[in-house]
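Shown next: final26.csv, given as CSV, C-alpha atoms and all ligand atoms.
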```csv
chain,number,residue,atom,x,y,z
A,1,MET,CA,19.8,-3.8,14.5
A,2,PRO,CA,19.3,-6.8,12.1
A,3,ALA,CA,21.4,-6.6,8.9
A,4,SER,CA,18.3,-6.2,6.8
A,5,GLN,CA,17.5,-3.0,8.6
A,6,ASN,CA,20.6,-1.1,7.7
A,7,THR,CA,18.5,0.4,5.0
A,8,VAL,CA,15.3,2.3,5.5
A,9,GLY,CA,12.3,3.2,3.4
A,10,ILE,CA,10.8,6.7,3.1
A,11,TYR,CA,7.1,7.4,2.7
A,12,ILE,CA,6.0,10.9,1.7
A,13,HIS,CA,2.3,11.7,2.1
A,14,ILE,CA,0.9,14.1,-0.4
A,15,PRO,CA,-2.4,15.1,1.3
A,16,PHE,CA,-4.2,16.7,-1.6
A,17,CYS,CA,-7.1,15.6,-3.7
A,18,GLU,CA,-9.2,17.2,-6.4
A,19,ARG,CA,-12.3,16.2,-4.5
A,20,LYS,CA,-13.1,13.7,-1.8
A,21,CYS,CA,-14.3,10.2,-2.9
A,22,PRO,CA,-17.3,9.2,-0.9
A,23,TYR,CA,-15.8,6.0,0.6
A,24,CYS,CA,-12.4,7.4,1.5
A,25,ASP,CA,-11.0,7.9,4.9
A,26,PHE,CA,-7.4,8.8,4.1
A,27,TYR,CA,-6.2,12.2,5.2
A,28,SER,CA,-6.4,14.6,2.3
A,29,ALA,CA,-7.6,18.1,1.6
A,30,THR,CA,-9.0,19.8,-1.5
A,31,SER,CA,-6.5,22.7,-1.2
A,32,ASP,CA,-5.6,25.0,-4.0
A,33,GLU,CA,-2.2,25.2,-5.6
A,34,SER,CA,-1.0,27.9,-3.2
A,35,GLU,CA,-0.7,25.3,-0.5
A,36,PHE,CA,1.4,22.9,-2.5
A,37,ASP,CA,4.7,24.9,-2.3
A,38,ARG,CA,4.3,25.6,1.4
A,39,TYR,CA,3.8,21.9,2.0
A,40,ILE,CA,6.7,20.9,-0.1
A,41,ALA,CA,9.0,23.3,1.7
A,42,ALA,CA,7.8,21.8,5.1
A,43,VAL,CA,8.5,18.3,3.9
A,44,CYS,CA,12.0,19.2,2.7
A,45,SER,CA,12.7,20.9,6.0
A,46,ARG,CA,11.6,17.8,8.0
A,47,MET,CA,13.8,15.7,5.7
A,48,GLU,CA,16.9,17.8,6.4
A,49,THR,CA,16.3,17.5,10.1
A,50,TYR,CA,15.9,13.7,9.9
A,51,ALA,CA,19.0,13.4,7.7
A,52,GLN,CA,21.1,14.7,10.6
A,53,THR,CA,20.3,11.7,12.8
A,54,ILE,CA,19.5,8.9,10.3
A,55,GLN,CA,22.7,7.7,8.8
A,56,ARG,CA,21.1,4.9,6.8
A,57,LYS,CA,20.8,4.3,3.1
A,58,VAL,CA,17.3,4.6,1.6
A,59,ASP,CA,16.3,1.8,-0.7
A,60,THR,CA,12.6,2.6,-1.2
A,61,LEU,CA,10.8,5.9,-1.6
A,62,TYR,CA,7.1,6.0,-1.9
A,63,PHE,CA,4.9,9.0,-2.7
A,64,GLY,CA,1.3,8.2,-1.5
A,65,GLY,CA,-1.8,10.1,-0.8
A,66,GLY,CA,-4.0,11.7,-1.3
A,67,THR,CA,-3.2,12.2,-4.9
A,68,PRO,CA,0.5,12.8,-5.4
A,69,SER,CA,0.1,13.4,-9.1
A,70,ILE,CA,-2.1,16.5,-8.3
A,71,ILE,CA,1.1,18.5,-7.4
A,72,GLY,CA,2.6,17.8,-10.9
A,73,ALA,CA,5.7,15.9,-11.9
A,74,LYS,CA,8.0,18.9,-11.4
A,75,ARG,CA,7.2,19.3,-7.7
A,76,LEU,CA,7.5,15.5,-7.3
A,77,CYS,CA,11.0,15.7,-8.8
A,78,THR,CA,11.8,18.6,-6.4
A,79,LEU,CA,10.8,16.3,-3.5
A,80,LYS,CA,12.7,13.3,-4.8
A,81,ASN,CA,15.8,15.4,-5.4
A,82,ALA,CA,15.6,16.8,-1.9
A,83,VAL,CA,15.5,13.2,-0.6
A,84,SER,CA,18.6,12.3,-2.7
A,85,SER,CA,20.5,15.3,-1.4
A,86,CYS,CA,19.7,14.4,2.2
A,87,PHE,CA,20.1,10.6,2.1
A,88,HIS,CA,22.2,8.1,0.2
A,89,LEU,CA,19.8,6.4,-2.2
A,90,ASP,CA,20.8,2.8,-2.7
A,91,SER,CA,19.3,1.3,-5.9
A,92,PRO,CA,16.0,2.6,-4.8
A,93,GLU,CA,12.5,1.6,-5.8
A,94,ILE,CA,10.8,5.0,-6.3
A,95,THR,CA,7.0,4.8,-6.5
A,96,VAL,CA,4.4,7.4,-7.1
A,97,GLU,CA,0.6,7.1,-6.9
A,98,VAL,CA,-1.1,8.6,-10.0
A,99,ASN,CA,-4.7,9.5,-10.6
A,100,PRO,CA,-5.5,8.7,-14.2
A,101,ALA,CA,-7.8,11.8,-14.5
A,102,LYS,CA,-4.7,14.0,-14.9
A,103,ASN,CA,-4.1,13.6,-18.6
A,104,ASP,CA,-1.3,16.1,-18.8
A,105,PHE,CA,0.8,14.3,-16.2
A,106,ASP,CA,4.5,14.3,-17.3
A,107,PHE,CA,5.6,10.7,-16.9
A,108,GLU,CA,8.7,11.3,-18.9
A,109,LEU,CA,10.1,13.9,-16.5
A,110,LEU,CA,9.5,11.5,-13.6
A,111,ARG,CA,11.3,8.7,-15.4
A,112,LYS,CA,14.3,10.9,-16.2
A,113,ASN,CA,14.5,11.8,-12.6
A,114,GLY,CA,14.8,8.2,-11.4
A,115,PHE,CA,11.2,7.3,-10.6
A,116,ASN,CA,10.8,3.7,-11.6
A,117,ARG,CA,7.4,2.5,-10.3
A,118,ILE,CA,3.9,3.9,-10.9
A,119,SER,CA,0.8,2.9,-8.9
A,120,ILE,CA,-2.5,3.9,-10.6
A,121,GLY,CA,-5.8,4.0,-8.8
A,122,LEU,CA,-7.8,2.3,-11.5
A,123,GLN,CA,-10.4,0.8,-9.1
A,124,SER,CA,-12.6,-0.5,-11.9
A,125,ALA,CA,-12.6,-0.8,-15.7
A,126,ASN,CA,-16.3,-0.1,-15.8
A,127,ASP,CA,-17.4,3.5,-16.1
A,128,ASN,CA,-20.7,3.0,-14.2
A,129,GLU,CA,-18.8,1.7,-11.2
A,130,LEU,CA,-16.3,4.5,-11.4
A,131,GLN,CA,-19.1,7.0,-11.3
A,132,LEU,CA,-20.7,5.4,-8.3
A,133,LEU,CA,-17.3,5.4,-6.5
A,134,GLY,CA,-17.2,9.2,-7.2
A,135,ARG,CA,-14.0,8.8,-9.1
A,136,LEU,CA,-12.9,11.6,-11.5
A,137,HIS,CA,-11.4,9.4,-14.2
A,138,SER,CA,-13.0,7.3,-16.9
A,139,VAL,CA,-11.8,3.9,-18.2
A,140,SER,CA,-10.4,5.5,-21.3
A,141,GLN,CA,-8.4,8.0,-19.3
A,142,ALA,CA,-6.9,5.2,-17.3
A,143,ASP,CA,-6.1,3.4,-20.6
A,144,ILE,CA,-4.3,6.6,-21.9
A,145,GLY,CA,-2.5,7.1,-18.6
A,146,ILE,CA,-1.1,3.5,-18.6
A,147,GLN,CA,0.0,3.8,-22.2
A,148,LYS,CA,1.7,7.1,-21.5
A,149,ALA,CA,3.5,5.7,-18.5
A,150,GLN,CA,4.7,2.7,-20.5
A,151,ALA,CA,5.8,4.9,-23.4
A,152,ALA,CA,7.9,7.0,-20.9
A,153,GLY,CA,9.7,3.8,-20.0
A,154,PHE,CA,7.9,2.6,-16.9
A,155,ASP,CA,8.0,-1.2,-16.8
A,156,ASN,CA,6.9,-1.5,-13.2
A,157,ILE,CA,3.2,-0.4,-13.0
A,158,SER,CA,0.7,-1.4,-10.4
A,159,LEU,CA,-3.1,-1.0,-10.8
A,160,ASP,CA,-5.5,-0.8,-7.8
A,161,LEU,CA,-8.8,-2.6,-8.0
A,162,MET,CA,-11.7,-2.4,-5.6
A,163,LEU,CA,-13.8,-5.5,-4.8
A,164,CYS,CA,-17.5,-5.6,-3.7
A,165,THR,CA,-18.3,-2.1,-4.8
A,166,PRO,CA,-21.9,-0.9,-5.8
A,167,GLN,CA,-23.2,-2.6,-8.9
A,168,GLN,CA,-20.1,-4.8,-9.3
A,169,THR,CA,-20.9,-8.2,-10.8
A,170,LYS,CA,-18.7,-11.2,-11.5
A,171,ASP,CA,-18.6,-10.2,-15.2
A,172,SER,CA,-17.7,-6.6,-14.5
A,173,LEU,CA,-15.0,-7.7,-12.1
A,174,LEU,CA,-13.7,-10.0,-14.7
A,175,ARG,CA,-13.6,-7.1,-17.2
A,176,SER,CA,-11.5,-5.1,-14.7
A,177,ILE,CA,-9.1,-7.9,-14.1
A,178,ALA,CA,-8.8,-8.6,-17.8
A,179,PHE,CA,-8.1,-4.8,-18.4
A,180,CYS,CA,-5.1,-5.0,-16.0
A,181,ALA,CA,-3.7,-8.1,-17.7
A,182,GLU,CA,-4.3,-6.8,-21.2
A,183,HIS,CA,-2.3,-3.7,-20.3
A,184,HIS,CA,0.5,-6.0,-19.2
A,185,VAL,CA,1.0,-4.3,-15.9
A,186,GLN,CA,3.3,-6.0,-13.5
A,187,HIS,CA,1.3,-5.7,-10.3
A,188,ILE,CA,-2.3,-5.7,-9.1
A,189,SER,CA,-3.7,-4.7,-5.7
A,190,ALA,CA,-7.3,-5.8,-5.1
A,191,TYR,CA,-8.9,-4.5,-1.9
A,192,ILE,CA,-12.4,-5.2,-0.6
A,193,LEU,CA,-14.3,-1.9,-0.2
A,194,LYS,CA,-14.4,-1.1,3.5
A,195,LEU,CA,-17.1,1.1,4.9
A,196,GLU,CA,-15.3,3.8,7.0
A,197,GLU,CA,-17.3,5.5,9.7
A,198,GLY,CA,-18.0,9.2,9.0
A,199,THR,CA,-17.8,8.9,5.2
A,200,PRO,CA,-20.8,9.5,2.9
A,201,TYR,CA,-20.7,5.8,2.0
A,202,TRP,CA,-21.1,4.9,5.6
A,203,GLN,CA,-24.0,7.3,6.0
A,204,ASN,CA,-25.7,5.8,2.9
A,205,ARG,CA,-24.7,2.2,3.6
A,206,THR,CA,-28.2,0.8,3.6
A,207,LYS,CA,-28.9,2.2,0.1
A,208,LEU,CA,-25.7,0.9,-1.4
A,209,HIS,CA,-26.8,-2.8,-1.4
A,210,LEU,CA,-23.3,-4.0,-0.7
A,211,PRO,CA,-22.5,-7.7,-0.5
A,212,ASP,CA,-22.7,-9.3,3.0
A,213,ASP,CA,-19.7,-11.1,4.5
A,214,ASP,CA,-20.4,-14.4,2.8
A,215,GLU,CA,-20.8,-12.8,-0.6
A,216,GLN,CA,-17.6,-10.7,0.0
A,217,ALA,CA,-15.7,-13.9,0.7
A,218,GLU,CA,-16.9,-15.4,-2.5
A,219,VAL,CA,-15.9,-12.3,-4.5
A,220,TYR,CA,-12.5,-12.3,-2.9
A,221,LEU,CA,-11.8,-15.9,-3.7
A,222,PHE,CA,-13.1,-15.5,-7.2
A,223,ALA,CA,-10.9,-12.4,-7.8
A,224,CYS,CA,-7.8,-14.1,-6.4
A,225,GLU,CA,-8.3,-17.1,-8.7
A,226,GLN,CA,-8.9,-15.0,-11.8
A,227,ILE,CA,-6.0,-12.7,-11.2
A,228,GLU,CA,-3.7,-15.7,-10.8
A,229,ASN,CA,-5.1,-17.2,-14.0
A,230,TYR,CA,-3.6,-14.3,-15.8
A,231,GLY,CA,-0.1,-15.2,-14.4
A,232,TYR,CA,0.1,-12.9,-11.3
A,233,LYS,CA,1.1,-14.6,-8.1
A,234,GLN,CA,-0.5,-13.6,-4.8
A,235,TYR,CA,2.1,-12.6,-2.3
A,236,GLU,CA,0.0,-10.8,0.2
A,237,ILE,CA,-3.7,-10.8,1.2
A,238,SER,CA,-4.5,-8.1,-1.4
A,239,ASN,CA,-1.5,-8.0,-3.6
A,240,PHE,CA,-0.4,-9.9,-6.7
A,241,SER,CA,2.6,-9.5,-9.0
A,242,GLN,CA,4.6,-10.9,-11.8
A,243,LYS,CA,7.9,-12.4,-10.9
A,244,ASN,CA,10.2,-10.1,-8.9
A,245,ARG,CA,7.7,-7.3,-9.1
A,246,GLN,CA,6.4,-7.2,-5.6
A,247,SER,CA,6.2,-3.8,-4.0
A,248,ARG,CA,9.6,-3.5,-2.3
A,249,HIS,CA,8.3,-0.6,-0.2
A,250,ASN,CA,5.2,-2.3,1.0
A,251,LEU,CA,7.2,-5.5,1.8
A,252,LYS,CA,9.1,-3.4,4.3
A,253,TYR,CA,5.8,-3.0,6.3
A,254,TRP,CA,5.0,-6.7,6.1
A,255,HIS,CA,8.5,-7.7,7.0
A,256,ASP,CA,8.3,-5.4,10.0
A,257,GLU,CA,11.3,-3.4,8.7
A,258,GLU,CA,11.9,0.3,9.4
A,259,TYR,CA,10.6,3.3,7.5
A,260,LEU,CA,10.2,7.0,7.9
A,261,GLY,CA,6.8,8.6,7.1
A,262,ILE,CA,6.6,12.3,6.4
A,263,GLY,CA,3.3,14.3,6.2
A,264,PRO,CA,0.0,14.6,8.1
A,265,SER,CA,-1.2,11.1,9.3
A,266,ALA,CA,2.1,9.5,8.2
A,267,HIS,CA,3.5,6.8,10.5
A,268,SER,CA,7.1,5.9,11.1
A,269,PHE,CA,9.0,3.0,12.6
A,270,LEU,CA,12.6,4.0,13.3
A,271,ASN,CA,15.3,2.8,15.7
A,272,GLY,CA,12.8,0.5,17.3
A,273,LYS,CA,10.2,3.2,18.0
A,274,ARG,CA,6.9,3.9,16.4
A,275,PHE,CA,5.6,7.5,16.0
A,276,TYR,CA,3.3,9.5,13.8
A,277,TYR,CA,2.1,12.9,12.7
A,278,GLY,CA,-1.5,13.8,13.5
A,279,ARG,CA,-4.2,14.1,10.9
A,280,SER,CA,-3.9,17.8,10.3
A,281,PHE,CA,-1.7,20.3,8.4
A,282,ASP,CA,-1.4,22.3,11.6
A,283,ASP,CA,0.2,19.3,13.5
A,284,PHE,CA,2.5,18.7,10.6
A,285,TYR,CA,3.6,22.4,10.2
A,286,ALA,CA,4.1,22.6,13.9
A,287,ASP,CA,6.1,19.3,13.7
A,288,THR,CA,3.9,17.7,16.4
A,289,ILE,CA,4.8,14.1,16.6
A,290,THR,CA,3.0,11.5,18.8
A,291,ALA,CA,5.0,8.6,20.2
A,292,ASP,CA,3.4,5.2,19.6
A,293,GLY,CA,5.5,2.8,21.6
A,294,THR,CA,8.1,0.4,20.5
A,295,GLY,CA,8.0,-1.9,17.5
A,296,GLY,CA,9.7,-4.9,16.0
A,297,ASP,CA,9.0,-7.6,18.7
A,298,THR,CA,8.2,-11.2,17.7
A,299,GLU,CA,4.4,-10.7,18.1
A,300,GLU,CA,4.4,-7.7,15.8
A,301,TYR,CA,6.6,-9.5,13.3
A,302,LEU,CA,4.2,-12.5,13.2
A,303,MET,CA,1.2,-10.3,13.0
A,304,LEU,CA,2.5,-8.4,9.9
A,305,GLY,CA,4.3,-11.4,8.3
A,306,LEU,CA,1.2,-13.6,8.3
A,307,ARG,CA,-0.4,-11.2,5.8
A,308,LEU,CA,2.1,-12.5,3.3
A,309,SER,CA,1.5,-15.7,1.3
A,310,GLU,CA,4.9,-17.0,2.3
A,311,GLY,CA,3.9,-16.5,6.0
A,312,ILE,CA,6.5,-17.0,8.6
A,313,ARG,CA,9.7,-18.8,7.6
A,314,SER,CA,12.1,-20.2,10.2
A,315,GLU,CA,15.2,-19.1,8.5
A,316,ARG,CA,14.1,-15.4,8.2
A,317,PHE,CA,12.8,-15.4,11.7
A,318,LYS,CA,16.1,-16.7,13.2
A,319,LYS,CA,18.1,-14.3,11.2
A,320,ARG,CA,16.0,-11.5,12.5
A,321,PHE,CA,15.7,-12.5,16.2
A,322,GLY,CA,18.6,-14.9,16.7
A,323,PHE,CA,16.4,-17.7,18.0
A,324,ASP,CA,13.9,-20.2,16.6
A,325,ILE,CA,10.2,-19.6,16.2
A,326,PRO,CA,8.8,-20.4,19.7
A,327,ASP,CA,7.0,-23.8,19.7
A,328,ILE,CA,3.8,-22.3,21.0
A,329,TYR,CA,3.2,-20.5,17.7
A,330,PHE,CA,3.8,-23.7,15.7
A,331,GLN,CA,1.4,-25.5,18.1
A,332,ASN,CA,-1.3,-22.8,17.7
A,333,ALA,CA,-0.8,-22.9,13.9
A,334,GLU,CA,-1.3,-26.6,13.9
A,335,LYS,CA,-4.6,-26.3,15.7
A,336,MET,CA,-5.9,-23.9,13.0
A,337,LYS,CA,-4.8,-26.3,10.3
A,338,LYS,CA,-7.8,-28.6,10.7
A,339,TYR,CA,-10.1,-25.7,9.8
A,340,GLY,CA,-8.2,-25.2,6.5
A,341,LEU,CA,-7.1,-21.7,7.7
A,342,VAL,CA,-3.4,-22.4,8.0
A,343,LYS,CA,-0.7,-24.5,6.4
A,344,THR,CA,2.3,-25.6,8.2
A,345,ASP,CA,5.6,-27.4,7.3
A,346,GLN,CA,8.8,-27.9,9.3
A,347,ASN,CA,10.1,-24.5,8.1
A,348,GLY,CA,7.2,-22.3,9.0
A,349,PHE,CA,3.5,-21.6,8.6
A,350,GLN,CA,1.2,-19.5,6.6
A,351,LEU,CA,-2.4,-18.5,6.2
A,352,THR,CA,-4.4,-20.1,3.4
A,353,ARG,CA,-6.7,-18.0,1.2
A,354,SER,CA,-9.6,-18.9,3.5
A,355,GLY,CA,-7.4,-17.9,6.4
A,356,PHE,CA,-6.8,-14.5,4.8
A,357,LEU,CA,-10.5,-13.9,4.8
A,358,VAL,CA,-10.5,-14.0,8.6
A,359,SER,CA,-6.9,-13.1,9.1
A,360,ASN,CA,-7.3,-11.0,12.2
A,361,ALA,CA,-9.0,-13.8,14.1
A,362,VAL,CA,-6.6,-16.5,12.9
A,363,ILE,CA,-3.5,-14.3,13.7
A,364,ALA,CA,-4.9,-13.7,17.2
A,365,GLU,CA,-5.2,-17.5,17.7
A,366,ILE,CA,-1.7,-18.1,16.6
A,367,LEU,CA,-0.4,-15.4,18.9
A,368,LYS,CA,-2.1,-16.8,22.0
A,369,ASN,CA,0.4,-17.5,24.7
A,370,ASP,CA,-1.6,-19.6,27.2
B,401,LIG,S1,-8.4,10.2,-4.7
B,401,LIG,FE1,-7.7,8.5,-3.3
B,401,LIG,S2,-7.1,9.6,-1.5
B,401,LIG,FE2,-8.2,11.1,-2.7
B,401,LIG,S3,-10.3,11.0,-1.9
B,401,LIG,FE3,-10.2,9.6,-3.6
B,401,LIG,S4,-9.6,7.6,-2.7
B,401,LIG,FE4,-9.2,9.2,-1.2
```
Please, can you express the file's structure as structure tokens?
Amino acid sequence: MPASQNTVGIYIHIPFCERKCPYCDFYSATSDESEFDRYIAAVCSRMETYAQTIQRKVDTLYFGGGTPSIIGAKRLCTLKNAVSSCFHLDSPEITVEVNPAKNDFDFELLRKNGFNRISIGLQSANDNELQLLGRLHSVSQADIGIQKAQAAGFDNISLDLMLCTPQQTKDSLLRSIAFCAEHHVQHISAYILKLEEGTPYWQNRTKLHLPDDDEQAEVYLFACEQIENYGYKQYEISNFSQKNRQSRHNLKYWHDEEYLGIGPSAHSFLNGKRFYYGRSFDDFYADTITADGTGGDTEEYLMLGLRLSEGIRSERFKKRFGFDIPDIYFQNAEKMKKYGLVKTDQNGFQLTRSGFLVSNAVIAEILKND
């Protein structure tokens, strides 16, 4: 096991939402409170079982969803404390996703219990867009939420933005980006809205008048530029941060490092193996795990690493695998250079911003072995 993988990250899925947003494909249910405690007990029990076999320090803990804040700060602390009694926490980054519609959320309790990063699903700083997205919060609720988190001592806050949503214009997008910067948050994630089959958005796709591929590319490049103008540096296709404020947990995914995922639909990569829980409470309560092959080979490492702005660096690659980046990948990267999709130097290669827009195709070209 590479030295960098002596530690492990833990992801805990909180699969509850107040109501389902019409574009969303994540696994979550609109259960009532009675389900929360049963679920928490099941998560704690899984954790105790894993702790018997995983003797590794935990340096990132991420509560995602769903809407983790829906279960309340007290239950989140119960879960966090269960993790710390099962595992050795090593200067951990502890993140929780928060929905700003929950005005009575107790940020102070979280801060006192060691949580140190908040991720807020802002999506837009324009009320008309939030309504069309079916979001429950308003811009002013988001404003209050951020201020409360900051007053409680959180100095590592991320805001999510969505690009290419119904009725979004360049001006409205600029307002959303300015809102993030004016609130002095440390991190911004900006994702292009993706139509997921089976969602209400998918069914109504012709009526939504969403931008086509070329327009999406223009919006993406515009957003990247504007976010960087406010001093955030892009470090991944959709992620920007102030200095040293990248998401340590998400970097584990892109660096192809190991993590344990607990909850319905949560994926894990542990001891070289990938596995996941199915998308149902029944599967999770029955502890039904599906094996998903092995992970961590050079191809997977490149595939994930090329999502990062730094791309693939020789030194890191050698440290991980014990040998140099195979020439074929350098040669393939060189070929993509003339299209302006890749940059290379003697120590590695990375996708350009235009390359990010067609990342799957470019990565497939770089990985070609014939
Ligand atoms: S709150 Fe988040 S997870 Fe829940 S339905 Fe909306 S987008 Fe999906």
Requested in this report: Mind checking which residues fall within 10 Å of stretch 261-271 of chain A, counting only C-alpha atoms, ignoring those fewer than 5 positions away in the same chain, and posting them as a PyMOL selection string?
Outcome: chain A and resi 1+5+8-15+26-28+39-40+42-44+46-47+54+61-65+253+256+276-285+287-296
Within 9 Å of ligand LIG 401 (chain B), counting only C-alpha atoms and all ligand atoms: which residues, as a PDB file with C-alpha atoms, in the coordinates of the input?
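Contents of part_11.pdb, as written:
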```pdb
ATOM      1  CA  PRO A  15      -2.400  15.100   1.300  1.00  0.00           C
ATOM      2  CA  PHE A  16      -4.200  16.700  -1.600  1.00  0.00           C
ATOM      3  CA  CYS A  17      -7.100  15.600  -3.700  1.00  0.00           C
ATOM      4  CA  GLU A  18      -9.200  17.200  -6.400  1.00  0.00           C
ATOM      5  CA  ARG A  19     -12.300  16.200  -4.500  1.00  0.00           C
ATOM      6  CA  LYS A  20     -13.100  13.700  -1.800  1.00  0.00           C
ATOM      7  CA  CYS A  21     -14.300  10.200  -2.900  1.00  0.00           C
ATOM      8  CA  PRO A  22     -17.300   9.200  -0.900  1.00  0.00           C
ATOM      9  CA  TYR A  23     -15.800   6.000   0.600  1.00  0.00           C
ATOM     10  CA  CYS A  24     -12.400   7.400   1.500  1.00  0.00           C
ATOM     11  CA  ASP A  25     -11.000   7.900   4.900  1.00  0.00           C
ATOM     12  CA  PHE A  26      -7.400   8.800   4.100  1.00  0.00           C
ATOM     13  CA  TYR A  27      -6.200  12.200   5.200  1.00  0.00           C
ATOM     14  CA  SER A  28      -6.400  14.600   2.300  1.00  0.00           C
ATOM     15  CA  ALA A  29      -7.600  18.100   1.600  1.00  0.00           C
ATOM     16  CA  THR A  30      -9.000  19.800  -1.500  1.00  0.00           C
ATOM     17  CA  GLY A  64       1.300   8.200  -1.500  1.00  0.00           C
ATOM     18  CA  GLY A  65      -1.800  10.100  -0.800  1.00  0.00           C
ATOM     19  CA  GLY A  66      -4.000  11.700  -1.300  1.00  0.00           C
ATOM     20  CA  THR A  67      -3.200  12.200  -4.900  1.00  0.00           C
ATOM     21  CA  ASN A  99      -4.700   9.500 -10.600  1.00  0.00           C
ATOM     22  CA  GLY A 121      -5.800   4.000  -8.800  1.00  0.00           C
ATOM     23  CA  LEU A 133     -17.300   5.400  -6.500  1.00  0.00           C
ATOM     24  CA  GLY A 134     -17.200   9.200  -7.200  1.00  0.00           C
ATOM     25  CA  ARG A 135     -14.000   8.800  -9.100  1.00  0.00           C
ATOM     26  CA  LEU A 136     -12.900  11.600 -11.500  1.00  0.00           C
TER      27      LEU A 136
END
```
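Taking atom CA of A:Ala223 and atom CA of A:Lys170 as the two end points, the separation is 8.7 Å.
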Query raised in the report: Taking all atoms listed in the file into account, which of A:Ser314, A:Ser247, A:Thr199, A:Gln55 comes nearest A:Thr95?
Result: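 Once distances to A:Thr95 are computed over all atoms listed in the file, the minimum belongs to A:Ser247.
Between atom CA of A:Leu306 and atom CA of A:Trp202 lies a distance of 29.1 Å.
Coordinates place atom CA of A:Cys164 at a distance of 21.4 Å from atom CA of A:Ala361.
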Requested in this report: Mind checking which residues fall within 10 Å of A:Ala51, counting all atoms listed in the file, ignoring those fewer than 2 positions away in the same chain, and posting them as a ChimeraX atom specification?
Outcome: /A:45-49,53-56,83,85-88
Query raised in the report: Of the candidates A:Thr78, A:Asn113, A:Gln168, A:Gln350, which one gets nearest to A:Ile192 if we count all atoms listed in the file?
Result: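 Ranking A:Thr78, A:Asn113, A:Gln168, A:Gln350 by distance to A:Ile192, first place goes to A:Gln168.
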Report summary line: Of A:Ser359, A:Ser172, A:Asn126, A:Gln141, the one sitting nearest A:Phe105 when using only C-alpha atoms is A:Gln141
Report task. Have a look at A:Ala333, A:Leu195, A:Leu302, A:Val58 and name the one nearest to A:Leu208; count all atoms listed in the file. Result -> A:Leu195
Query raised in the report: Which polymer residues have any atom within 9 Å of an atom of A:Gly153, counting all atoms listed in the file, with same-chain residues fewer than 6 positions away left out, as number ranges by chain?
Result: A: 107-108, 111, 116
Report task. Please identify all polymer residues within 10 Å of A:Thr165, counting only C-alpha atoms, omitting same-chain residues fewer than 4 positions from it, and present them as a list in words. Result ->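 So, after excluding close chain neighbours, the residues are Gln123, Ser124, Glu129, Leu130, Leu132, Leu133, Thr169, Leu173, Ile192, Leu193, Lys194, Leu208, His209, Leu210, Pro211 and Gln216 of chain A.
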Requested in this report: Find the residues near A:Ala178: any atom within 9 Å, counting only C-alpha atoms, skip ones fewer than 4 places away on the same chain, and give them as a list in words.
Outcome: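 Listing them by chain and then by number gives Ala125, Leu173, Leu174, Glu182, His183, Gln226, Ile227 and Tyr230 of chain A.
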Report summary line: Across A:Phe154, A:Phe179, A:Phe349, A:Phe36, the smallest distance to A:Val139, with only C-alpha atoms counted, is shown by A:Phe179
Set up a box along x, y and z of the file covering all listed atoms of stretch 204-219 of chain A, add 6 Å on every one of the six sides, and write the centre and edge lengths in Å to one decimal, as JSON.
```
{"center_x": -22.3, "center_y": -4.8, "center_z": 0.0, "size_x": 25.2, "size_y": 33.2, "size_z": 21.0}
```
Query raised in the report: For A:Ser176, which residue among A:Ser69, A:Asn250, A:Ser189, A:Asn81 is the nearest when counting all atoms listed in the file?
Result: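 Nearest to A:Ser176: A:Ser189.
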